[in-house]
Amino acid sequence: MSTVTSSDGTSLEYEIAGDGPAVILVDGAMCFRDAGPMRPIADALRGRLTVVLYDRRGRGGSSDALADPSARADAVAREIDDLSALVEAAGGTAALFGMSSGGALALASAVALGPDRVPRVAVYEPPYLPDPMLPSAQAYTHDLLAALASGDRAAAVELFLRRVGVPEAGIEGMRRSPGWDATLALAPTLAYDDAAMGDSLVPDDLLQALTVPVLALAGEQTPDFLRLGAEGVATGAQDGSVEVVAGQTHDVAADALAPHLLRFLAG
């Protein structure tokens, strides 16, 4: 376990282990090292890659010096600074792999940090949306930021859970679970993921600015719009490719994902 300090004084907790080219794993919404998919993914990669597993700001063991994460432009810039500090901790050069909304942050960071520091980027199902789904995404952003501004963490979390398809009975079960308070503690970090997604469209201008290889991955059994997001990233990047992970949904298994990442990142 180690810590690194970002430009605004935020302390980021991370682990680094393995052998081979370095990759930093960037979680999606409501996830951190010990709550989400990244630890098993890290374990599956460490035989051939040096893996940096970290808690995004405001999650797990990391602090957050930014007073208002809902200040969208500033939120993205601060998380890019976080990844800059982690790239330095990894030796000055590291690929990025981002899950879901973490993929959007990984893409923006790769452009900002440049090819000498981020030589490759992989993403899994960044939730960019087709035009017909944009009104609901815009309404979600409005309601989410309003809930956070009013201090209603429960409403913010419930909005997120509904947006990703959790049924009302499932949300009610979570409210009554011993882990609900821990879930509410993560609510302010939803503003970071919302900011990273921007207007929820595939960011064509940003992708065209990427000169490094980009691998976009999607599960074979995932909803169509998530596959379209991955395909849009691959098409928009100067050197992009898309691969389908057989038998998988958005909740991807590490042993199914790892071969794709190892081929792309370790050679």
# chains A, B, ... in the order shown; residues from 1 in each chain; ligands from 1
call {"tool": "closest_atom_pairs", "arguments": {"of": "segment 44-77 of chain A", "to": "segment 195-219 of chain A", "cutoff": "7 Å", "atoms": "only C-alpha atoms", "output": "tab-separated table"}}
result
residue	atom	partner	partner_atom	distance
A:Arg72	CA	A:Ala195	CA	4.9
A:Ala75	CA	A:Ala195	CA	6.8
A:Val76	CA	A:Ala196	CA	5.9
call {"tool": "residues_around", "arguments": {"residues": "Pro223 of chain A", "least_positions_apart": "5", "cutoff": "12 Å", "atoms": "only C-alpha atoms", "output": "count of residues only"}}
result
13
call {"tool": "residues_around", "arguments": {"residues": "Leu105 of chain A", "least_positions_apart": "5", "cutoff": "10 Å", "atoms": "only C-alpha atoms", "output": "JSON list (two decimals) with C-alpha atoms, in the first residue's frame"}}
result
[["chain", "number", "residue", "atom", "x", "y", "z"],
["A", 26, "VAL", "CA", -9.46, 3.29, -13.62],
["A", 27, "ASP", "CA", -12.74, 2.33, -11.93],
["A", 28, "GLY", "CA", -16.22, 3.35, -13.00],
["A", 76, "VAL", "CA", -12.25, 16.31, -14.75],
["A", 77, "ALA", "CA", -9.05, 18.35, -14.57],
["A", 79, "GLU", "CA", -8.84, 13.60, -11.84],
["A", 80, "ILE", "CA", -6.46, 13.98, -14.77],
["A", 83, "LEU", "CA", -3.61, 10.10, -12.97],
["A", 96, "LEU", "CA", -4.60, 3.21, -18.89],
["A", 97, "PHE", "CA", -7.53, 0.81, -18.69],
["A", 98, "GLY", "CA", -10.90, 2.30, -17.77],
["A", 99, "MET", "CA", -14.13, 0.50, -16.92],
["A", 100, "SER", "CA", -17.47, 2.10, -17.87],
["A", 110, "ALA", "CA", -4.47, 10.08, -22.35],
["A", 123, "VAL", "CA", -11.72, 0.86, -22.28],
["A", 126, "PRO", "CA", -17.86, 3.45, -21.90],
["A", 192, "TYR", "CA", -16.96, 12.97, -11.11],
["A", 193, "ASP", "CA", -18.34, 10.25, -13.35],
["A", 195, "ALA", "CA", -18.43, 15.17, -15.48],
["A", 196, "ALA", "CA", -16.20, 12.63, -17.21],
["A", 197, "MET", "CA", -19.10, 11.58, -19.46]]
call {"tool": "residues_around", "arguments": {"residues": "segment 174-187 of chain A", "least_positions_apart": "2", "cutoff": "7 Å", "atoms": "only C-alpha atoms", "output": "PDB file with N, CA, C and O atoms, in the first residue's frame"}}
result
ATOM      1  N   MET A  30     -19.124   4.447  -8.482  1.00  0.00           N
ATOM      2  CA  MET A  30     -19.443   3.755  -7.229  1.00  0.00           C
ATOM      3  C   MET A  30     -18.506   2.592  -6.927  1.00  0.00           C
ATOM      4  O   MET A  30     -18.814   1.740  -6.088  1.00  0.00           O
ATOM      5  N   ARG A  59     -12.894   8.039  -2.642  1.00  0.00           N
ATOM      6  CA  ARG A  59     -13.313   6.645  -2.521  1.00  0.00           C
ATOM      7  C   ARG A  59     -12.266   5.858  -1.742  1.00  0.00           C
ATOM      8  O   ARG A  59     -11.073   6.149  -1.820  1.00  0.00           O
ATOM      9  N   ARG A 153     -27.925  12.612  -0.423  1.00  0.00           N
ATOM     10  CA  ARG A 153     -27.103  11.542  -0.981  1.00  0.00           C
ATOM     11  C   ARG A 153     -27.938  10.325  -1.375  1.00  0.00           C
ATOM     12  O   ARG A 153     -27.651   9.658  -2.385  1.00  0.00           O
ATOM     13  N   ALA A 154     -28.959  10.019  -0.582  1.00  0.00           N
ATOM     14  CA  ALA A 154     -29.798   8.860  -0.899  1.00  0.00           C
ATOM     15  C   ALA A 154     -30.464   9.031  -2.260  1.00  0.00           C
ATOM     16  O   ALA A 154     -30.500   8.099  -3.075  1.00  0.00           O
ATOM     17  N   ALA A 156     -29.396  10.833  -4.761  1.00  0.00           N
ATOM     18  CA  ALA A 156     -28.370  10.739  -5.803  1.00  0.00           C
ATOM     19  C   ALA A 156     -28.032   9.283  -6.102  1.00  0.00           C
ATOM     20  O   ALA A 156     -27.948   8.876  -7.269  1.00  0.00           O
ATOM     21  N   VAL A 157     -27.846   8.489  -5.059  1.00  0.00           N
ATOM     22  CA  VAL A 157     -27.517   7.078  -5.262  1.00  0.00           C
ATOM     23  C   VAL A 157     -28.673   6.346  -5.933  1.00  0.00           C
ATOM     24  O   VAL A 157     -28.478   5.538  -6.850  1.00  0.00           O
ATOM     25  N   GLY A 170     -34.750  -4.101  -5.718  1.00  0.00           N
ATOM     26  CA  GLY A 170     -33.320  -4.186  -5.438  1.00  0.00           C
ATOM     27  C   GLY A 170     -32.819  -2.964  -4.688  1.00  0.00           C
ATOM     28  O   GLY A 170     -31.990  -3.076  -3.771  1.00  0.00           O
ATOM     29  N   ILE A 171     -33.319  -1.782  -5.062  1.00  0.00           N
ATOM     30  CA  ILE A 171     -32.926  -0.550  -4.374  1.00  0.00           C
ATOM     31  C   ILE A 171     -33.405  -0.579  -2.933  1.00  0.00           C
ATOM     32  O   ILE A 171     -32.676  -0.215  -2.003  1.00  0.00           O
ATOM     33  N   GLU A 172     -34.638  -1.047  -2.738  1.00  0.00           N
ATOM     34  CA  GLU A 172     -35.169  -1.131  -1.375  1.00  0.00           C
ATOM     35  C   GLU A 172     -34.336  -2.087  -0.528  1.00  0.00           C
ATOM     36  O   GLU A 172     -34.055  -1.820   0.651  1.00  0.00           O
ATOM     37  N   THR A 189     -19.053  11.258  -5.256  1.00  0.00           N
ATOM     38  CA  THR A 189     -18.170  10.901  -6.368  1.00  0.00           C
ATOM     39  C   THR A 189     -18.931  10.664  -7.662  1.00  0.00           C
ATOM     40  O   THR A 189     -18.315  10.633  -8.734  1.00  0.00           O
ATOM     41  N   LEU A 190     -20.246  10.516  -7.602  1.00  0.00           N
ATOM     42  CA  LEU A 190     -21.023  10.385  -8.835  1.00  0.00           C
ATOM     43  C   LEU A 190     -20.882  11.620  -9.705  1.00  0.00           C
ATOM     44  O   LEU A 190     -20.989  11.541 -10.934  1.00  0.00           O
TER      45      LEU A 190
END
call {"tool": "select_by_dssp", "arguments": {"residues": "segment 91-211 of chain A", "states": "strand (DSSP E)", "output": "list in words"}}
result
Ala95, Leu96, Phe97, Gly98, Met99, Val121, Ala122, Val123 and Tyr124 of chain A
call {"tool": "atom_distance", "arguments": {"atom1": "atom CA of Ser62 of chain A", "atom2": "atom CA of Ala137 of chain A"}}
result
28.3 Å
call {"tool": "residues_around", "arguments": {"residues": "Leu49 of chain A", "least_positions_apart": "5", "cutoff": "8 Å", "atoms": "only C-alpha atoms", "output": "PDB file with C-alpha atoms, in the first residue's frame"}}
result
ATOM      1  CA  GLY A  18       3.534  -7.342 -11.115  1.00  0.00           C
ATOM      2  CA  ASP A  19       6.099  -7.497 -13.873  1.00  0.00           C
ATOM      3  CA  GLY A  20       6.076  -5.947 -17.336  1.00  0.00           C
ATOM      4  CA  PRO A  21       4.732  -2.731 -18.883  1.00  0.00           C
ATOM      5  CA  ALA A  22       2.756  -0.579 -16.444  1.00  0.00           C
ATOM      6  CA  VAL A  23      -1.024  -0.134 -16.603  1.00  0.00           C
ATOM      7  CA  LEU A 262      -2.824  -8.867 -22.204  1.00  0.00           C
ATOM      8  CA  LEU A 265      -0.944  -4.181 -23.427  1.00  0.00           C
ATOM      9  CA  ALA A 266       1.730  -6.848 -23.009  1.00  0.00           C
TER      10      ALA A 266
END
